[in-house]
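Take a look at the structure set out below.
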Amino acid sequence: MERMYPVKGRVILHVDMNSFYASVEAAHDPSLKGKPLAIAGNPKERRGIIVTCSYEARKFGIKTTMPIWEAKKLCKDLVVLKPDFDKYREASIRIFEMLRTYTPMVEPVSIDEGYLDITDCKHLGSPVQIAESIQKRIYENLDLPCSIGIAPNKFLAKTASDMKKPMGITILRKRDVPSVLWPKRTADMHGIGEKTAMKLETIGIRTIGELANANEIQLKKLLGINGLKLKEKANGIHLSPVDPESIFDFKSVGNSTTLPRDMTNQRELLKILDQLSSKVSARLKNKQLLGTKIGITIRYQDRRTITRSQAVQNPFVEHSEIFEKAQLLFKKHWNGDAVRLLGVTAYDVVEKQAAIKQLDLFSFEQDAKKEPLLKTVEELKKKFGSNVFLDLQDRKEIQTNKGKADTSFSKDVFDDFMK
């Protein structure tokens, strides 16, 4: 077994779930298996966009970001469902819990993919045997397919996992780079988009091999320090380690911290939770967002990690609101063991401006239960514009926040994409 692991260097796996949203839907409803299935931001509207689709749908030429109307033209029997993020998040949590049974060195990078450093896992078998075990367990327990790349670093592992889908396992060694990667277009390399590929073409670089042997002065002038990093990757070099403390953001705003020591004192833990809530509140305000679901992450001394979340009745942004909800979740789910890391996250964030419009109308409908007043509301909106109640709210906030520093505006494109 020793000879299957390097004397120096690392062994990294990249686990990539195949067509994750569609696969989760098919796992919950077996009647969808084998059918062309797409997950779309708004299935009821022709302008809705395909978020992901099953491999059966891809055979018809259906792709991510394709409008629903176009996808329907390619496949009249296409089944289109709206995203169910609670369902996907729950599946993701279970997947990463399963991965951490192999090693604590697990780094989630999105809801459906992550890295494992299995360098110290010789006792579990060869790298291929570990990959096969992971793939089999996820499929047998969750009915979800995945592809796995095995390599000496994260870049090559990610590249390898893309080579065989679905349910593939691929080994990519550094010595394979010239024969496997160099003939490919630069746009096919992980980390390079079409725009960067077009820039590289202006200096005569069209393939990964040409990038690997490019002039560093030219690259730095064209792309800055990133150009040199891309050249390293083109040569199979990537020094970034697997970070087990990483917590990815997914349609969310969160903050986490590794504690200075493993803690069991509830008062100290709540104090840290309070500080994290304050930071989440500041980030939400800075981005002009509101959270609609609160979540906490607890990582114990033995690296067991749990994530718990709860939807709330009204969107939140204030520090006190976040801390109140976070501490209730913490007290409910903390088992008393020593804690190594704490995190607080606002999930399913929405733009503040859009949420205020919805809340104002909701309040009027709840409080005014008489038709004449609702009619008056509509007449006011016709006369002064649909933003009349938003303007009232803004004036109220101006009075409340006089003297406070302005915050910057930031639009979360992904939220509009998912509606």
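Naming works like this for the structure tokens: A, B, ... for the chains as they're shown, residue 1 at the start of each chain, ligands 1 onward in shown order.
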
Within 9 Å of range 271-286 of chain A, which residues of range 218-266 of chain A show up? Give each one with its shortest atom-to-atom distance in Å (one decimal) and the two atoms involved, counting only C-alpha atoms, rows by chain then rising residue number, as JSON lines.
```
{"residue": "A:Val253", "atom": "CA", "partner": "A:Val280", "partner_atom": "CA", "distance": 6.5}
{"residue": "A:Gly254", "atom": "CA", "partner": "A:Val280", "partner_atom": "CA", "distance": 5.6}
{"residue": "A:Asn255", "atom": "CA", "partner": "A:Leu276", "partner_atom": "CA", "distance": 6.0}
{"residue": "A:Ser256", "atom": "CA", "partner": "A:Leu276", "partner_atom": "CA", "distance": 6.8}
{"residue": "A:Thr257", "atom": "CA", "partner": "A:Leu276", "partner_atom": "CA", "distance": 8.0}
{"residue": "A:Leu259", "atom": "CA", "partner": "A:Ile272", "partner_atom": "CA", "distance": 8.7}
{"residue": "A:Gln266", "atom": "CA", "partner": "A:Lys271", "partner_atom": "CA", "distance": 8.5}
```

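Residues with any atom within 6 Å of range 203-208 of chain A, counting only C-alpha atoms and excluding same-chain neighbours fewer than 3 positions away, are Trp182, Lys184, Arg185, Thr186, Leu200, Leu211 and Ala234 of chain A.
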
If you keep N, CA and C atoms, can you produce a file of those selected residues as a compact mmCIF listing (two decimals), in the first residue's frame?
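See selection.txt below for the written result:
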```
# COMPACT_ATOMS: atom_id res chain seq x y z
N TRP A 182 -1.98 19.45 -22.48
CA TRP A 182 -1.38 20.42 -23.38
C TRP A 182 -2.04 20.53 -24.76
N LYS A 184 -5.14 20.50 -25.44
CA LYS A 184 -6.47 21.11 -25.33
C LYS A 184 -6.41 22.63 -25.47
N ARG A 185 -7.56 23.24 -25.82
CA ARG A 185 -7.67 24.70 -25.89
C ARG A 185 -7.54 25.31 -24.50
N THR A 186 -7.04 26.52 -24.41
CA THR A 186 -6.94 27.18 -23.11
C THR A 186 -8.32 27.35 -22.48
N LEU A 200 -5.59 35.67 -24.27
CA LEU A 200 -4.38 34.89 -24.50
C LEU A 200 -4.11 34.72 -26.00
N LEU A 211 0.42 27.83 -23.29
CA LEU A 211 0.38 28.58 -22.04
C LEU A 211 1.46 28.09 -21.09
N ALA A 234 -1.02 25.21 -15.84
CA ALA A 234 -0.84 24.55 -17.14
C ALA A 234 0.32 23.57 -17.11
```

DSSP strand (DSSP E) selection over range 222-297 of chain A, as a ChimeraX atom specification: /A:252-263,289-297

Generate the output file for the selected residues, N, CA and C atoms, as a CSV table (one decimal), in the first residue's frame.
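File again34.csv, as written:
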```csv
chain,number,residue,atom,x,y,z
A,252,SER,N,-26.0,32.9,0.1
A,252,SER,CA,-26.0,33.2,1.6
A,252,SER,C,-24.9,34.2,1.9
A,253,VAL,N,-25.1,34.8,3.1
A,253,VAL,CA,-24.1,35.6,3.7
A,253,VAL,C,-23.8,35.1,5.1
A,254,GLY,N,-22.5,34.7,5.3
A,254,GLY,CA,-22.2,34.1,6.6
A,254,GLY,C,-20.8,34.5,7.1
A,255,ASN,N,-20.5,34.1,8.3
A,255,ASN,CA,-19.2,34.3,8.9
A,255,ASN,C,-18.9,33.2,9.9
A,256,SER,N,-17.7,32.7,9.9
A,256,SER,CA,-17.3,31.7,10.8
A,256,SER,C,-15.9,32.0,11.4
A,257,THR,N,-15.6,31.3,12.5
A,257,THR,CA,-14.3,31.5,13.1
A,257,THR,C,-13.9,30.2,13.8
A,258,THR,N,-12.6,29.9,13.7
A,258,THR,CA,-12.0,28.8,14.4
A,258,THR,C,-11.6,29.4,15.8
A,259,LEU,N,-12.0,28.8,16.8
A,259,LEU,CA,-11.9,29.3,18.2
A,259,LEU,C,-10.4,29.2,18.6
A,260,PRO,N,-9.9,30.1,19.5
A,260,PRO,CA,-8.5,30.1,19.9
A,260,PRO,C,-8.2,28.8,20.7
A,261,ARG,N,-9.2,28.2,21.2
A,261,ARG,CA,-9.1,26.9,21.9
A,261,ARG,C,-10.4,26.2,21.9
A,262,ASP,N,-10.4,24.9,22.1
A,262,ASP,CA,-11.7,24.1,22.1
A,262,ASP,C,-12.5,24.6,23.3
A,263,MET,N,-13.7,25.0,23.1
A,263,MET,CA,-14.5,25.6,24.2
A,263,MET,C,-15.7,24.7,24.6
A,289,LEU,N,-29.0,43.5,1.5
A,289,LEU,CA,-29.7,42.2,1.5
A,289,LEU,C,-30.4,41.9,2.8
A,290,LEU,N,-31.4,41.1,2.7
A,290,LEU,CA,-32.1,40.5,3.9
A,290,LEU,C,-32.0,39.0,3.8
A,291,GLY,N,-31.9,38.4,5.0
A,291,GLY,CA,-31.9,37.0,5.1
A,291,GLY,C,-33.3,36.5,5.4
A,292,THR,N,-33.6,35.3,4.9
A,292,THR,CA,-35.0,34.7,5.1
A,292,THR,C,-34.8,33.4,5.9
A,293,LYS,N,-33.6,32.9,6.1
A,293,LYS,CA,-33.4,31.7,6.8
A,293,LYS,C,-32.1,31.8,7.6
A,294,ILE,N,-32.1,31.5,8.9
A,294,ILE,CA,-30.9,31.6,9.7
A,294,ILE,C,-30.3,30.2,9.9
A,295,GLY,N,-29.0,30.2,9.9
A,295,GLY,CA,-28.3,28.9,10.0
A,295,GLY,C,-27.1,29.0,10.9
A,296,ILE,N,-26.7,27.9,11.6
A,296,ILE,CA,-25.5,27.9,12.4
A,296,ILE,C,-24.6,26.7,12.0
A,297,THR,N,-23.3,26.8,12.2
A,297,THR,CA,-22.4,25.7,11.9
A,297,THR,C,-21.7,25.4,13.2
```

Sel. of helix (DSSP H, G or I) residues, range 236-327 of chain A, as JSON, numbers by chain: {"A": [266, 267, 268, 269, 270, 271, 272, 273, 274, 275, 276, 277, 278, 279, 280, 281, 282, 283, 284, 285, 286, 287, 319, 320, 321, 322, 323, 324, 325, 326, 327]}

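Minimum distance to Arg89 in chain A across A:Ile150, A:Ile192, A:Ile111, A:Val15 (counting only C-alpha atoms) occurs at A:Ile111.
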
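Counting only C-alpha atoms, the residue from A:His14, A:Arg308, A:Lys325, A:Lys59 that sits nearest to Cys146 in chain A is A:His14.
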
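Considering only C-alpha atoms, the residue among A:Ile148, A:Ile138, A:Leu156, A:Val349 positioned nearest to Ser240 in chain A is A:Leu156.
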
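Computed from the coordinates, the CA of Asn226 in chain A to CA of Val51 in chain A distance equals 28.9 Å.
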
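One finds CA of Phe96 in chain A at 16.2 Å from CA of Leu341 in chain A.
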
Thr119 in chain A environment, 9 Å, only C-alpha atoms, sequence neighbours closer than 6 positions dropped, as number ranges by chain: A: 5-6, 9-12, 127

Kindly export the residues of the current selection with C-alpha atoms, as a PDB file, in the first residue's frame.
```pdb
ATOM      1  CA  TYR A   5       1.187   6.896  -1.969  1.00  0.00           C
ATOM      2  CA  PRO A   6       3.978   9.395  -2.690  1.00  0.00           C
ATOM      3  CA  GLY A   9       3.608  15.310  -1.918  1.00  0.00           C
ATOM      4  CA  ARG A  10      -0.110  14.812  -1.453  1.00  0.00           C
ATOM      5  CA  VAL A  11      -2.968  12.663  -2.733  1.00  0.00           C
ATOM      6  CA  ILE A  12      -6.060  14.774  -3.396  1.00  0.00           C
ATOM      7  CA  PRO A 127      -6.493   6.013  -3.537  1.00  0.00           C
TER       8      PRO A 127
END
```

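Reported to one decimal place, the separation of CA of Trp69 in chain A from CA of Val24 in chain A is 23.6 Å.
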